[in-house]
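Below is one structure; the comments refer to it alone.
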Amino acid sequence: MYQFFQQCFQQYLSLYSEEIAEDEHLLTLFAPFYGLANPKNYETWKLSSDIRYFEVSHLIYCMLHDDTLPEELKEFGKSLQEQGYDAIGASGTFSEETVTDQLKLIYTMITKNGKTRPDLFPPQDGPVLDS
């Protein structure tokens, strides 16, 4: 599942790079994905105690501990841990809305159900990209 996410992330970048570059909210949403998709980035962030390390680790924590999330996200979180990623809860440090939008994007990338299961992530205002 990890390699599939890496491929999907690269595909999103190739399709939406202009939109992402021009929108500060999308830049915020996609920032931790560079660490999720590249273990070297993640390790660099970890060694320097970069906030992005904690953001990625918090996303993984949410995937593993939020019982309301789809099973695919839980499986992806386990896959990330198997790759050496940490799961660190940091509630209150990151915007709940941002985390939800990031999880929605990850879910959309790793499944074909992202569009067909809106009940999993109720719509919110904001420029979240669909696959």
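Chain labels follow the order of the structure tokens: the first chain is A, the next B, and so on; residue numbering restarts at 1 in every chain, and ligands are counted from 1 in their shown order.
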Residues near A:Leu29, cut-off 12 Å, only C-alpha atoms, skip fewer than 5 positions along chain, as a PyMOL selection string: chain A and resi 20-21+23-24+34+52+55-56+59+94-106+126-129
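The two atoms in question, atom CA of A:His58 and atom CA of A:Ile88, are spaced 5.1 Å apart.
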Alpha helix (DSSP H) residues, from DSSP on the backbone, in chain A, as an MDAnalysis selection string: chainID A and resid 2:22 24:30 33:36 39:47 51:65 71:82 96:110
Any chance you could export the current selection's C-alpha atoms as a PDB file, in the first residue's frame?
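Once everything was written out, this is out_28.pdb:
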ATOM      1  CA  TYR A   2       2.909   2.343   0.736  1.00  0.00           C
ATOM      2  CA  GLN A   3       4.293   2.162  -2.811  1.00  0.00           C
ATOM      3  CA  PHE A   4       0.809   2.682  -4.197  1.00  0.00           C
ATOM      4  CA  PHE A   5       0.493   5.888  -2.166  1.00  0.00           C
ATOM      5  CA  GLN A   6       3.872   7.075  -3.476  1.00  0.00           C
ATOM      6  CA  GLN A   7       2.661   6.540  -7.050  1.00  0.00           C
ATOM      7  CA  CYS A   8      -0.660   8.251  -6.386  1.00  0.00           C
ATOM      8  CA  PHE A   9       1.044  11.221  -4.758  1.00  0.00           C
ATOM      9  CA  GLN A  10       3.323  11.661  -7.764  1.00  0.00           C
ATOM     10  CA  GLN A  11       0.303  11.464 -10.038  1.00  0.00           C
ATOM     11  CA  TYR A  12      -1.498  14.168  -8.017  1.00  0.00           C
ATOM     12  CA  LEU A  13       1.572  16.378  -8.226  1.00  0.00           C
ATOM     13  CA  SER A  14       1.770  15.969 -11.982  1.00  0.00           C
ATOM     14  CA  LEU A  15      -1.945  16.678 -12.431  1.00  0.00           C
ATOM     15  CA  TYR A  16      -2.445  19.475  -9.923  1.00  0.00           C
ATOM     16  CA  SER A  17       0.956  21.115  -9.458  1.00  0.00           C
ATOM     17  CA  GLU A  18      -0.248  24.510 -10.702  1.00  0.00           C
ATOM     18  CA  GLU A  19      -3.330  24.515  -8.494  1.00  0.00           C
ATOM     19  CA  ILE A  20      -1.309  23.424  -5.471  1.00  0.00           C
ATOM     20  CA  ALA A  21       1.409  26.028  -6.056  1.00  0.00           C
ATOM     21  CA  GLU A  22      -1.131  28.839  -6.381  1.00  0.00           C
ATOM     22  CA  GLU A  24      -1.812  28.454   0.178  1.00  0.00           C
ATOM     23  CA  HIS A  25      -4.399  26.099   1.715  1.00  0.00           C
ATOM     24  CA  LEU A  26      -3.491  23.318  -0.722  1.00  0.00           C
ATOM     25  CA  LEU A  27       0.210  23.887  -0.042  1.00  0.00           C
ATOM     26  CA  THR A  28      -0.539  23.425   3.658  1.00  0.00           C
ATOM     27  CA  LEU A  29      -2.504  20.249   2.983  1.00  0.00           C
ATOM     28  CA  PHE A  30       0.120  18.678   0.752  1.00  0.00           C
ATOM     29  CA  PHE A  33       2.752  14.265   1.971  1.00  0.00           C
ATOM     30  CA  TYR A  34       6.321  14.968   0.832  1.00  0.00           C
ATOM     31  CA  GLY A  35       7.445  13.166   3.982  1.00  0.00           C
ATOM     32  CA  LEU A  36       4.839  10.428   3.696  1.00  0.00           C
ATOM     33  CA  PRO A  39      11.320   8.330   3.777  1.00  0.00           C
ATOM     34  CA  LYS A  40      14.493  10.403   3.341  1.00  0.00           C
ATOM     35  CA  ASN A  41      12.531  13.640   3.766  1.00  0.00           C
ATOM     36  CA  TYR A  42      10.797  12.170   6.795  1.00  0.00           C
ATOM     37  CA  GLU A  43      14.102  11.120   8.396  1.00  0.00           C
ATOM     38  CA  THR A  44      15.608  14.557   7.769  1.00  0.00           C
ATOM     39  CA  TRP A  45      12.581  16.170   9.393  1.00  0.00           C
ATOM     40  CA  LYS A  46      12.782  13.726  12.305  1.00  0.00           C
ATOM     41  CA  LEU A  47      16.474  14.363  12.957  1.00  0.00           C
ATOM     42  CA  ILE A  51       7.287  20.521  12.683  1.00  0.00           C
ATOM     43  CA  ARG A  52       6.574  18.529   9.498  1.00  0.00           C
ATOM     44  CA  TYR A  53       7.891  15.380  11.229  1.00  0.00           C
ATOM     45  CA  PHE A  54       5.328  15.866  13.981  1.00  0.00           C
ATOM     46  CA  GLU A  55       2.596  16.636  11.443  1.00  0.00           C
ATOM     47  CA  VAL A  56       3.266  13.398   9.536  1.00  0.00           C
ATOM     48  CA  SER A  57       3.513  11.412  12.767  1.00  0.00           C
ATOM     49  CA  HIS A  58       0.241  12.924  13.971  1.00  0.00           C
ATOM     50  CA  LEU A  59      -1.517  11.958  10.737  1.00  0.00           C
ATOM     51  CA  ILE A  60      -0.303   8.387  11.196  1.00  0.00           C
ATOM     52  CA  TYR A  61      -1.447   8.448  14.819  1.00  0.00           C
ATOM     53  CA  CYS A  62      -4.908   9.565  13.672  1.00  0.00           C
ATOM     54  CA  MET A  63      -5.025   6.792  11.073  1.00  0.00           C
ATOM     55  CA  LEU A  64      -4.238   4.183  13.708  1.00  0.00           C
ATOM     56  CA  HIS A  65      -6.337   5.476  16.597  1.00  0.00           C
ATOM     57  CA  GLU A  71     -10.291   0.680   7.286  1.00  0.00           C
ATOM     58  CA  GLU A  72      -8.143   1.659   4.297  1.00  0.00           C
ATOM     59  CA  LEU A  73      -6.621   4.532   6.279  1.00  0.00           C
ATOM     60  CA  LYS A  74      -5.920   2.247   9.225  1.00  0.00           C
ATOM     61  CA  GLU A  75      -4.192  -0.217   6.893  1.00  0.00           C
ATOM     62  CA  PHE A  76      -2.175   2.601   5.366  1.00  0.00           C
ATOM     63  CA  GLY A  77      -1.152   3.784   8.844  1.00  0.00           C
ATOM     64  CA  LYS A  78       0.057   0.261   9.660  1.00  0.00           C
ATOM     65  CA  SER A  79       1.929   0.157   6.360  1.00  0.00           C
ATOM     66  CA  LEU A  80       3.668   3.417   7.243  1.00  0.00           C
ATOM     67  CA  GLN A  81       4.694   2.062  10.642  1.00  0.00           C
ATOM     68  CA  GLU A  82       6.146  -0.994   8.926  1.00  0.00           C
ATOM     69  CA  GLU A  96      -8.541  19.559  13.129  1.00  0.00           C
ATOM     70  CA  GLU A  97      -9.991  20.796   9.834  1.00  0.00           C
ATOM     71  CA  THR A  98      -6.583  20.570   8.136  1.00  0.00           C
ATOM     72  CA  VAL A  99      -5.977  17.061   9.484  1.00  0.00           C
ATOM     73  CA  THR A 100      -9.427  15.951   8.272  1.00  0.00           C
ATOM     74  CA  ASP A 101      -8.770  17.419   4.828  1.00  0.00           C
ATOM     75  CA  GLN A 102      -5.363  15.714   4.687  1.00  0.00           C
ATOM     76  CA  LEU A 103      -6.884  12.365   5.652  1.00  0.00           C
ATOM     77  CA  LYS A 104      -9.566  12.864   3.030  1.00  0.00           C
ATOM     78  CA  LEU A 105      -6.925  13.504   0.368  1.00  0.00           C
ATOM     79  CA  ILE A 106      -4.939  10.451   1.442  1.00  0.00           C
ATOM     80  CA  TYR A 107      -8.090   8.334   1.374  1.00  0.00           C
ATOM     81  CA  THR A 108      -8.963   9.618  -2.086  1.00  0.00           C
ATOM     82  CA  MET A 109      -5.462   8.803  -3.313  1.00  0.00           C
ATOM     83  CA  ILE A 110      -5.370   5.250  -1.990  1.00  0.00           C
TER      84      ILE A 110
END
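Of note, atom CA of A:Ala90 and atom CA of A:Thr68 are spaced 17.9 Å apart.
Atom CA of A:Thr111 is positioned 19.8 Å from atom CA of A:Asn38.
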